[in-house]
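entry28.cif follows; it contains mmCIF, C-alpha atoms.
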```
data_model
#
loop_
_atom_site.group_PDB
_atom_site.id
_atom_site.type_symbol
_atom_site.label_atom_id
_atom_site.label_comp_id
_atom_site.auth_asym_id
_atom_site.auth_seq_id
_atom_site.Cartn_x
_atom_site.Cartn_y
_atom_site.Cartn_z
ATOM 1 C CA MET A 1 -19.057 -8.212 7.321
ATOM 2 C CA ASP A 2 -16.095 -10.496 6.447
ATOM 3 C CA GLU A 3 -14.851 -10.433 10.059
ATOM 4 C CA GLU A 4 -13.793 -14.101 9.863
ATOM 5 C CA ALA A 5 -11.795 -13.575 6.649
ATOM 6 C CA THR A 6 -10.156 -10.469 8.118
ATOM 7 C CA THR A 7 -9.182 -12.296 11.308
ATOM 8 C CA ARG A 8 -7.756 -15.246 9.369
ATOM 9 C CA ALA A 9 -5.736 -12.960 7.067
ATOM 10 C CA LEU A 10 -4.311 -11.019 10.021
ATOM 11 C CA ILE A 11 -3.391 -14.248 11.848
ATOM 12 C CA VAL A 12 -1.517 -15.561 8.798
ATOM 13 C CA PHE A 13 0.317 -12.260 8.358
ATOM 14 C CA GLY A 14 1.086 -12.021 12.085
ATOM 15 C CA LEU A 15 2.544 -15.535 12.116
ATOM 16 C CA SER A 16 4.701 -14.651 9.120
ATOM 17 C CA LEU A 17 6.292 -11.848 11.143
ATOM 18 C CA LEU A 18 7.581 -14.558 13.484
ATOM 19 C CA VAL A 19 8.227 -17.375 11.023
ATOM 20 C CA GLY A 20 9.767 -15.213 8.282
ATOM 21 C CA PRO A 21 12.658 -13.785 10.353
ATOM 22 C CA ALA A 22 13.228 -17.194 11.992
ATOM 23 C CA ILE A 23 13.533 -19.053 8.688
ATOM 24 C CA GLY A 24 15.416 -16.144 7.158
ATOM 25 C CA GLY A 25 17.907 -16.228 10.031
ATOM 26 C CA LEU A 26 18.395 -19.982 9.559
ATOM 27 C CA VAL A 27 18.900 -19.579 5.812
ATOM 28 C CA GLY A 28 21.310 -16.712 6.410
ATOM 29 C CA TRP A 29 23.309 -18.865 8.840
ATOM 30 C CA LEU A 30 23.436 -21.775 6.378
ATOM 31 C CA LYS A 31 24.114 -19.717 3.232
ATOM 32 C CA ASN A 32 24.749 -15.965 3.569
ATOM 33 C CA PHE A 33 23.207 -12.667 4.629
ATOM 34 C CA PHE A 34 21.535 -11.837 1.303
ATOM 35 C CA TRP A 35 19.834 -15.227 1.083
ATOM 36 C CA GLY A 36 18.602 -14.897 4.649
ATOM 37 C CA VAL A 37 17.151 -11.412 4.213
ATOM 38 C CA GLY A 38 15.648 -12.334 0.858
ATOM 39 C CA VAL A 39 13.927 -15.514 2.018
ATOM 40 C CA GLY A 40 12.656 -13.934 5.253
ATOM 41 C CA ALA A 41 11.243 -10.873 3.485
ATOM 42 C CA LEU A 42 9.725 -13.003 0.723
ATOM 43 C CA LEU A 43 7.888 -15.204 3.244
ATOM 44 C CA ILE A 44 6.409 -12.143 4.946
ATOM 45 C CA GLY A 45 5.470 -10.655 1.587
ATOM 46 C CA CYS A 46 3.767 -13.825 0.372
ATOM 47 C CA ALA A 47 1.756 -14.020 3.608
ATOM 48 C CA GLY A 48 0.625 -10.409 3.184
ATOM 49 C CA LEU A 49 -0.318 -10.952 -0.450
ATOM 50 C CA TYR A 50 -2.186 -14.132 0.477
ATOM 51 C CA GLY A 51 -4.114 -12.222 3.128
ATOM 52 C CA ALA A 52 -4.908 -9.379 0.723
ATOM 53 C CA ALA A 53 -6.074 -11.814 -1.985
ATOM 54 C CA THR A 54 -8.302 -13.882 0.304
ATOM 55 C CA LEU A 55 -9.763 -10.844 2.057
ATOM 56 C CA GLY A 56 -10.329 -9.107 -1.270
ATOM 57 C CA TRP A 57 -12.099 -12.152 -2.693
ATOM 58 C CA HIS A 58 -14.357 -12.486 0.356
ATOM 59 C CA ARG A 59 -15.122 -8.774 0.271
ATOM 60 C CA TYR A 60 -15.951 -8.928 -3.441
ATOM 61 C CA GLN A 61 -18.301 -11.856 -2.859
ATOM 62 C CA SER A 62 -20.010 -10.215 0.108
ATOM 63 C CA ILE A 63 -20.476 -6.910 -1.730
ATOM 64 C CA ALA A 64 -22.048 -8.787 -4.644
ATOM 65 C CA GLY A 65 -24.936 -9.685 -2.333
ATOM 66 C CA THR A 66 -25.541 -6.160 -1.061
ATOM 67 C CA ALA A 67 -27.602 -3.164 -2.044
ATOM 68 C CA SER A 68 -26.743 0.503 -1.673
ATOM 69 C CA VAL A 69 -28.731 3.017 0.343
ATOM 70 C CA GLN A 70 -28.021 6.581 1.412
ATOM 71 C CA GLY A 71 -27.712 6.939 5.152
ATOM 72 C CA SER A 72 -26.763 9.899 7.307
ATOM 73 C CA LEU A 73 -24.061 10.506 9.877
ATOM 74 C CA VAL A 74 -25.599 10.687 13.336
ATOM 75 C CA GLU A 75 -22.616 10.777 15.698
ATOM 76 C CA PHE A 76 -18.988 9.968 16.396
ATOM 77 C CA VAL A 77 -18.061 7.618 19.234
ATOM 78 C CA GLU A 78 -14.649 7.465 20.853
ATOM 79 C CA GLU A 79 -12.747 4.200 20.713
ATOM 80 C CA GLU A 80 -9.646 3.372 22.733
ATOM 81 C CA SER A 81 -6.896 0.999 21.663
ATOM 82 C CA ARG A 82 -3.634 0.036 23.336
ATOM 83 C CA ASP A 83 -0.358 -0.933 21.750
ATOM 84 C CA SER A 84 2.139 -3.487 23.030
ATOM 85 C CA LYS A 85 3.710 -0.872 25.328
ATOM 86 C CA GLY A 86 0.410 -0.042 26.996
ATOM 87 C CA ARG A 87 0.013 3.347 25.360
ATOM 88 C CA THR A 88 -3.596 4.332 24.710
ATOM 89 C CA THR A 89 -4.786 5.823 21.437
ATOM 90 C CA VAL A 90 -8.240 7.368 21.079
ATOM 91 C CA SER A 91 -9.978 7.566 17.699
ATOM 92 C CA ARG A 92 -13.435 8.768 16.642
ATOM 93 C CA ALA A 93 -15.555 6.173 14.856
ATOM 94 C CA PRO A 94 -18.515 7.384 12.768
ATOM 95 C CA VAL A 95 -22.005 5.997 13.331
ATOM 96 C CA VAL A 96 -24.310 6.083 10.308
ATOM 97 C CA GLU A 97 -28.061 5.538 10.346
ATOM 98 C CA TYR A 98 -29.768 3.939 7.347
ATOM 99 C CA VAL A 99 -33.202 2.633 6.421
ATOM 100 C CA ALA A 100 -33.545 -0.673 4.560
ATOM 101 C CA PRO A 101 -36.554 -1.499 2.324
ATOM 102 C CA ASP A 102 -38.339 -3.041 5.308
ATOM 103 C CA GLY A 103 -38.629 0.488 6.733
ATOM 104 C CA GLN A 104 -36.622 -0.249 9.886
ATOM 105 C CA LYS A 105 -33.977 2.221 10.984
ATOM 106 C CA ARG A 106 -30.599 0.689 11.727
ATOM 107 C CA ARG A 107 -27.144 1.962 12.579
ATOM 108 C CA VAL A 108 -23.710 0.839 11.475
ATOM 109 C CA LYS A 109 -20.373 1.932 12.917
ATOM 110 C CA GLY A 110 -17.462 2.665 10.624
ATOM 111 C CA LEU A 111 -13.765 2.306 11.287
ATOM 112 C CA GLY A 112 -12.092 4.740 13.651
ATOM 113 C CA GLY A 113 -10.822 7.855 11.924
ATOM 114 C CA GLY A 114 -13.203 7.450 8.997
ATOM 115 C CA LEU A 115 -15.462 10.203 7.616
ATOM 116 C CA SER A 116 -13.495 12.782 9.589
ATOM 117 C CA ASP A 117 -14.473 15.461 7.059
ATOM 118 C CA LYS A 118 -18.205 14.811 7.571
ATOM 119 C CA GLU A 119 -20.593 16.543 9.966
ATOM 120 C CA TRP A 120 -23.812 15.472 11.673
ATOM 121 C CA GLY A 121 -26.542 14.889 9.116
ATOM 122 C CA ASP A 122 -24.246 14.596 6.092
ATOM 123 C CA PRO A 123 -25.261 11.870 3.605
ATOM 124 C CA VAL A 124 -23.155 8.695 3.696
ATOM 125 C CA GLU A 125 -23.513 5.672 1.427
ATOM 126 C CA VAL A 126 -24.132 2.344 3.154
ATOM 127 C CA ARG A 127 -24.190 -1.158 1.684
ATOM 128 C CA TYR A 128 -26.379 -3.710 3.435
ATOM 129 C CA SER A 129 -26.906 -7.423 2.896
ATOM 130 C CA VAL A 130 -30.023 -8.158 0.856
ATOM 131 C CA THR A 131 -30.722 -11.309 2.870
ATOM 132 C CA ASP A 132 -29.971 -9.707 6.249
ATOM 133 C CA PRO A 133 -30.282 -5.886 6.257
ATOM 134 C CA SER A 134 -28.756 -5.722 9.748
ATOM 135 C CA GLN A 135 -25.416 -6.708 8.195
ATOM 136 C CA ALA A 136 -24.008 -3.529 6.673
ATOM 137 C CA LEU A 137 -20.890 -1.430 6.256
ATOM 138 C CA VAL A 138 -20.091 2.165 5.450
ATOM 139 C CA ALA A 139 -19.387 2.228 1.711
ATOM 140 C CA ASP A 140 -16.195 4.314 1.629
ATOM 141 C CA PHE A 141 -12.722 3.158 0.622
ATOM 142 C CA GLN A 142 -11.453 2.735 4.184
ATOM 143 C CA ASN A 143 -14.296 0.492 5.320
ATOM 144 C CA MET A 144 -14.680 -1.494 2.099
ATOM 145 C CA TRP A 145 -11.141 -1.882 0.816
ATOM 146 C CA GLY A 146 -8.831 -0.429 3.471
ATOM 147 C CA GLY A 147 -7.884 -3.852 4.875
ATOM 148 C CA VAL A 148 -7.184 -5.259 1.417
ATOM 149 C CA TRP A 149 -5.067 -2.238 0.519
ATOM 150 C CA GLY A 150 -3.139 -2.389 3.808
ATOM 151 C CA LEU A 151 -2.321 -6.098 3.547
ATOM 152 C CA GLY A 152 -1.448 -5.630 -0.120
ATOM 153 C CA ILE A 153 1.033 -2.890 0.771
ATOM 154 C CA PHE A 154 2.597 -4.885 3.599
ATOM 155 C CA GLY A 155 2.780 -7.902 1.323
ATOM 156 C CA ALA A 156 3.985 -6.388 -1.937
ATOM 157 C CA PHE A 157 6.960 -4.466 -0.622
ATOM 158 C CA PRO A 158 8.544 -7.196 1.528
ATOM 159 C CA ALA A 159 8.052 -9.491 -1.478
ATOM 160 C CA MET A 160 9.821 -7.027 -3.804
ATOM 161 C CA PHE A 161 12.671 -6.496 -1.355
ATOM 162 C CA GLY A 162 12.903 -10.273 -0.889
ATOM 163 C CA LEU A 163 13.249 -10.816 -4.631
ATOM 164 C CA PHE A 164 15.769 -7.978 -4.782
ATOM 165 C CA PHE A 165 18.042 -9.551 -2.154
ATOM 166 C CA ILE A 166 17.622 -13.055 -3.597
ATOM 167 C CA GLY A 167 18.675 -11.640 -6.966
ATOM 168 C CA ILE A 168 21.815 -10.184 -5.365
ATOM 169 C CA ALA A 169 22.522 -13.553 -3.704
ATOM 170 C CA VAL A 170 22.111 -15.487 -6.960
ATOM 171 C CA LYS A 171 24.303 -13.031 -8.853
ATOM 172 C CA GLU A 172 26.968 -13.207 -6.151
ATOM 173 C CA ALA A 173 26.921 -17.015 -6.185
ATOM 174 C CA ARG A 174 27.320 -17.118 -9.960
ATOM 175 C CA GLU A 175 30.232 -14.716 -9.869
ATOM 176 C CA LYS A 176 32.008 -16.779 -7.192
ATOM 177 C CA SER A 177 31.516 -20.014 -9.140
ATOM 178 C CA GLY A 178 32.647 -18.431 -12.388
ATOM 179 C CA ARG A 179 29.341 -19.284 -14.071
ATOM 180 C CA GLY A 180 28.129 -15.730 -14.210
ATOM 181 C CA SER A 181 27.897 -14.083 -17.592
ATOM 182 C CA LYS A 182 30.499 -11.469 -18.299
ATOM 183 C CA PRO A 183 29.148 -7.944 -18.037
ATOM 184 C CA PRO A 184 28.744 -6.291 -21.424
ATOM 185 C CA PRO A 185 31.305 -3.666 -22.315
ATOM 186 C CA VAL A 186 30.425 -0.225 -21.025
ATOM 187 C CA ARG A 187 29.196 1.967 -23.845
ATOM 188 C CA GLU A 188 29.619 5.676 -23.699
ATOM 189 C CA PRO A 189 26.347 7.524 -24.283
ATOM 190 C CA THR A 190 26.051 9.525 -27.456
ATOM 191 C CA PRO A 191 25.570 13.317 -27.239
ATOM 192 C CA ALA A 192 21.858 12.878 -28.029
ATOM 193 C CA GLN A 193 21.486 10.255 -25.276
ATOM 194 C CA LYS A 194 23.236 12.562 -22.808
ATOM 195 C CA ARG A 195 20.845 15.392 -23.674
ATOM 196 C CA TRP A 196 17.735 13.219 -23.221
ATOM 197 C CA ARG A 197 19.023 11.781 -19.956
ATOM 198 C CA THR A 198 19.840 15.260 -18.641
ATOM 199 C CA ARG A 199 16.407 16.573 -19.588
ATOM 200 C CA GLY A 200 14.699 13.561 -18.051
ATOM 201 C CA THR A 201 16.689 13.878 -14.830
ATOM 202 C CA VAL A 202 15.835 17.581 -14.528
ATOM 203 C CA LEU A 203 12.145 16.820 -15.141
ATOM 204 C CA ALA A 204 12.163 14.007 -12.557
ATOM 205 C CA ASN A 205 13.798 16.286 -9.984
ATOM 206 C CA LEU A 206 11.178 18.965 -10.649
ATOM 207 C CA VAL A 207 8.419 16.395 -10.098
ATOM 208 C CA PHE A 208 10.133 15.395 -6.846
ATOM 209 C CA LEU A 209 10.190 19.006 -5.643
ATOM 210 C CA ALA A 210 6.562 19.476 -6.676
ATOM 211 C CA GLY A 211 5.640 16.440 -4.566
ATOM 212 C CA PHE A 212 7.256 17.866 -1.427
ATOM 213 C CA ALA A 213 5.569 21.207 -2.094
ATOM 214 C CA LEU A 214 2.148 19.561 -2.458
ATOM 215 C CA VAL A 215 2.470 17.920 0.967
ATOM 216 C CA PHE A 216 2.337 21.420 2.483
ATOM 217 C CA LEU A 217 0.662 23.568 -0.175
ATOM 218 C CA TYR A 218 -2.048 21.368 -1.723
ATOM 219 C CA PRO A 219 -5.261 23.479 -1.706
ATOM 220 C CA ASP A 220 -7.360 21.154 0.443
ATOM 221 C CA PRO A 221 -7.900 21.329 4.211
ATOM 222 C CA SER A 222 -7.682 17.547 4.562
ATOM 223 C CA PRO A 223 -4.157 16.443 5.614
ATOM 224 C CA MET A 224 -4.791 13.059 4.005
ATOM 225 C CA LYS A 225 -5.465 14.735 0.664
ATOM 226 C CA GLN A 226 -2.270 16.761 1.026
ATOM 227 C CA PHE A 227 -0.155 13.735 1.881
ATOM 228 C CA GLY A 228 -1.858 11.677 -0.818
ATOM 229 C CA ALA A 229 -1.205 14.233 -3.555
ATOM 230 C CA GLY A 230 2.369 14.826 -2.390
ATOM 231 C CA PHE A 231 3.280 11.157 -2.013
ATOM 232 C CA MET A 232 1.825 10.189 -5.390
ATOM 233 C CA THR A 233 3.756 13.009 -7.056
ATOM 234 C CA ILE A 234 6.989 11.959 -5.322
ATOM 235 C CA GLY A 235 6.336 8.398 -6.466
ATOM 236 C CA ALA A 236 5.841 9.621 -10.019
ATOM 237 C CA GLY A 237 9.204 11.407 -9.781
ATOM 238 C CA ALA A 238 10.943 8.211 -8.647
ATOM 239 C CA MET A 239 9.328 6.207 -11.453
ATOM 240 C CA LEU A 240 10.386 8.881 -13.934
ATOM 241 C CA HIS A 241 13.974 8.532 -12.657
ATOM 242 C CA PHE A 242 13.645 4.769 -13.196
ATOM 243 C CA LEU A 243 12.546 5.317 -16.797
ATOM 244 C CA VAL A 244 15.312 7.839 -17.439
ATOM 245 C CA GLN A 245 17.974 5.473 -16.077
ATOM 246 C CA SER A 246 16.545 2.741 -18.316
ATOM 247 C CA LEU A 247 17.421 4.708 -21.446
ATOM 248 C CA PRO A 248 20.368 3.202 -23.338
ATOM 249 C CA PRO A 249 23.013 2.781 -22.164
ATOM 250 C CA ALA A 250 20.931 1.727 -19.152
ATOM 251 C CA MET A 251 22.045 1.685 -15.534
ATOM 252 C CA ASP A 252 22.457 -1.741 -13.894
ATOM 253 C CA PHE A 253 18.989 -3.237 -13.327
ATOM 254 C CA GLN A 254 19.508 -3.881 -9.608
ATOM 255 C CA SER A 255 20.366 -0.237 -9.038
ATOM 256 C CA ARG A 256 17.386 0.888 -11.112
ATOM 257 C CA SER A 257 15.027 -1.458 -9.302
ATOM 258 C CA ILE A 258 15.547 0.488 -6.057
ATOM 259 C CA LEU A 259 14.079 3.553 -7.775
ATOM 260 C CA ALA A 260 11.117 1.462 -8.957
ATOM 261 C CA ILE A 261 10.450 0.025 -5.479
ATOM 262 C CA VAL A 262 10.620 3.482 -3.874
ATOM 263 C CA GLY A 263 8.385 4.959 -6.568
ATOM 264 C CA LEU A 264 5.764 2.236 -6.266
ATOM 265 C CA GLY A 265 5.838 2.599 -2.484
ATOM 266 C CA PHE A 266 5.106 6.324 -2.557
ATOM 267 C CA LEU A 267 2.422 5.851 -5.211
ATOM 268 C CA ALA A 268 0.671 3.130 -3.189
ATOM 269 C CA PHE A 269 0.787 4.990 0.126
ATOM 270 C CA GLY A 270 -0.263 8.226 -1.556
ATOM 271 C CA TYR A 271 -3.214 6.581 -3.282
ATOM 272 C CA GLY A 272 -4.365 4.996 -0.046
ATOM 273 C CA ALA A 273 -4.116 8.283 1.844
ATOM 274 C CA TRP A 274 -6.028 10.101 -0.897
ATOM 275 C CA MET A 275 -8.821 7.529 -0.986
ATOM 276 C CA MET A 276 -9.193 7.475 2.808
ATOM 277 C CA ALA A 277 -9.541 11.238 3.059
#
```

Could you render the structure as structure tokens?
Amino acid sequence: MDEEATTRALIVFGLSLLVGPAIGGLVGWLKNFFWGVGVGALLIGCAGLYGAATLGWHRYQSIAGTASVQGSLVEFVEEESRDSKGRTTVSRAPVVEYVAPDGQKRRVKGLGGGLSDKEWGDPVEVRYSVTDPSQALVADFQNMWGGVWGLGIFGAFPAMFGLFFIGIAVKEAREKSGRGSKPPPVREPTPAQKRWRTRGTVLANLVFLAGFALVFLYPDPSPMKQFGAGFMTIGAGAMLHFLVQSLPPAMDFQSRSILAIVGLGFLAFGYGAWMMA
């Protein structure tokens, strides 16, 4: 289901990996390094976000015309894939059997690596097309929304880094032309502000350490659950640092934004890993 939309989204994103650096390099040659990196990253990010939006919309529409049925895992089949260097990777794709209202047994294959915690005979939800029961997909996060999540990740973060570098370029241009606003006078924090910032920094560091500990000590045998819990906790620590540094007198926004980008990145990757477990 949605194979055409997925292919189109991947083609657009793949082309952006060629066009983005090319245009970014040209802009960097004509203007400066920050403009070049910013424009190139922003083009890649917009292509990824476009792909995620279009694929998500098609998936939402296709799911609206489906019904849910409980199937069962019947086997895993090995699938081979090769990268650009010719190296072969083998993954196990689950095969799920389901019965539509017409009483006919059918099978649907999930994405490689999915349902790795399931065993033969375990129940698995399947969504099939009401108009054509042979069109179906395994109804877990990886099979239903994994592509949307992946393109969203690979679109959002280049876009954020692109805006970050464009912001640096604009600020630098204003300072050189003398049109930039004068920075406000540096205010010394009050004793109360120092105490709150110290407490917040200690708390954020503790959350950071808890995240690294969860990667190895989370009480679940699934590595994806461990990484998901750890990464989301690390992301929460980075976002907490961002909030602490935003307390008055706040750190420069560009410096703080790095903490926000890192925090959002860990949260997004952690959530995806948790949902795909």

Please, which residues in region 37-119 of chain A fall within 9 Å of region 10-28 of chain A when counting all atoms listed in the file, and what is the closest atom pair and distance in Å to one decimal for each, ordered by chain then residue number, as CSV?
```
residue,atom,partner,partner_atom,distance
A:Val37,CA,A:Gly24,CA,5.8
A:Gly38,CA,A:Gly24,CA,7.4
A:Val39,CA,A:Gly24,CA,5.4
A:Gly40,CA,A:Gly24,CA,4.0
A:Ala41,CA,A:Gly20,CA,6.6
A:Leu42,CA,A:Gly20,CA,7.9
A:Leu43,CA,A:Gly20,CA,5.4
A:Ile44,CA,A:Ser16,CA,5.2
A:Gly45,CA,A:Ser16,CA,8.6
A:Cys46,CA,A:Ser16,CA,8.8
A:Ala47,CA,A:Phe13,CA,5.3
A:Gly48,CA,A:Phe13,CA,5.5
A:Leu49,CA,A:Phe13,CA,8.9
A:Tyr50,CA,A:Val12,CA,8.5
A:Gly51,CA,A:Phe13,CA,6.9
```

Within 7 Å of Ala273 (chain A), counting all atoms listed in the file, which residues qualify if same-chain residues fewer than 5 places away don't, as a list in words?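 Selected residues are Met224, Lys225, Phe227 and Gly228 of chain A.
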
Would you export the selected residues with C-alpha atoms as a PDB file, keeping the file's coordinate frame, please?
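As written to disk, part.pdb reads:
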```
ATOM      1  CA  MET A 224      -4.791  13.059   4.005  1.00  0.00           C
ATOM      2  CA  LYS A 225      -5.465  14.735   0.664  1.00  0.00           C
ATOM      3  CA  PHE A 227      -0.155  13.735   1.881  1.00  0.00           C
ATOM      4  CA  GLY A 228      -1.858  11.677  -0.818  1.00  0.00           C
TER       5      GLY A 228
END
```

In Å to one decimal, how far is CA of Gly110 (chain A) from CA of Ile63 (chain A)? 15.9 Å

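Of the listed residues (A:Glu97, A:Ile234, A:Arg8, A:Met239), A:Ile234 comes nearest to Val207 (chain A); the distances count only C-alpha atoms.
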
Can you tell me, as an MDAnalysis selection string, which residues sit within 9 Å of (9.4, 2.5, -8.2) in the file's frame, using all atoms listed in the file? chainID A and resid 235:236 238:242 256:267

For CA of Pro221 (chain A) and CA of Val95 (chain A), determine how far apart the two atoms are, in Å to one decimal place. 22.7 Å

Taking 3 positions as the minimum chain separation for residues in the same chain, which residues sit within 8 Å of Gly56 (chain A) when counting only C-alpha atoms? Answer as an mmCIF file with C-alpha atoms, in the frame of the given file.
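Writing the result to part-v6.cif gives the following:
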```cif
data_model
loop_
_atom_site.group_PDB
_atom_site.id
_atom_site.type_symbol
_atom_site.label_atom_id
_atom_site.label_comp_id
_atom_site.auth_asym_id
_atom_site.auth_seq_id
_atom_site.Cartn_x
_atom_site.Cartn_y
_atom_site.Cartn_z
ATOM 1 C CA ALA A 52 -4.908 -9.379 0.723
ATOM 2 C CA ALA A 53 -6.074 -11.814 -1.985
ATOM 3 C CA ARG A 59 -15.122 -8.774 0.271
ATOM 4 C CA TYR A 60 -15.951 -8.928 -3.441
ATOM 5 C CA TRP A 145 -11.141 -1.882 0.816
ATOM 6 C CA VAL A 148 -7.184 -5.259 1.417
#
```
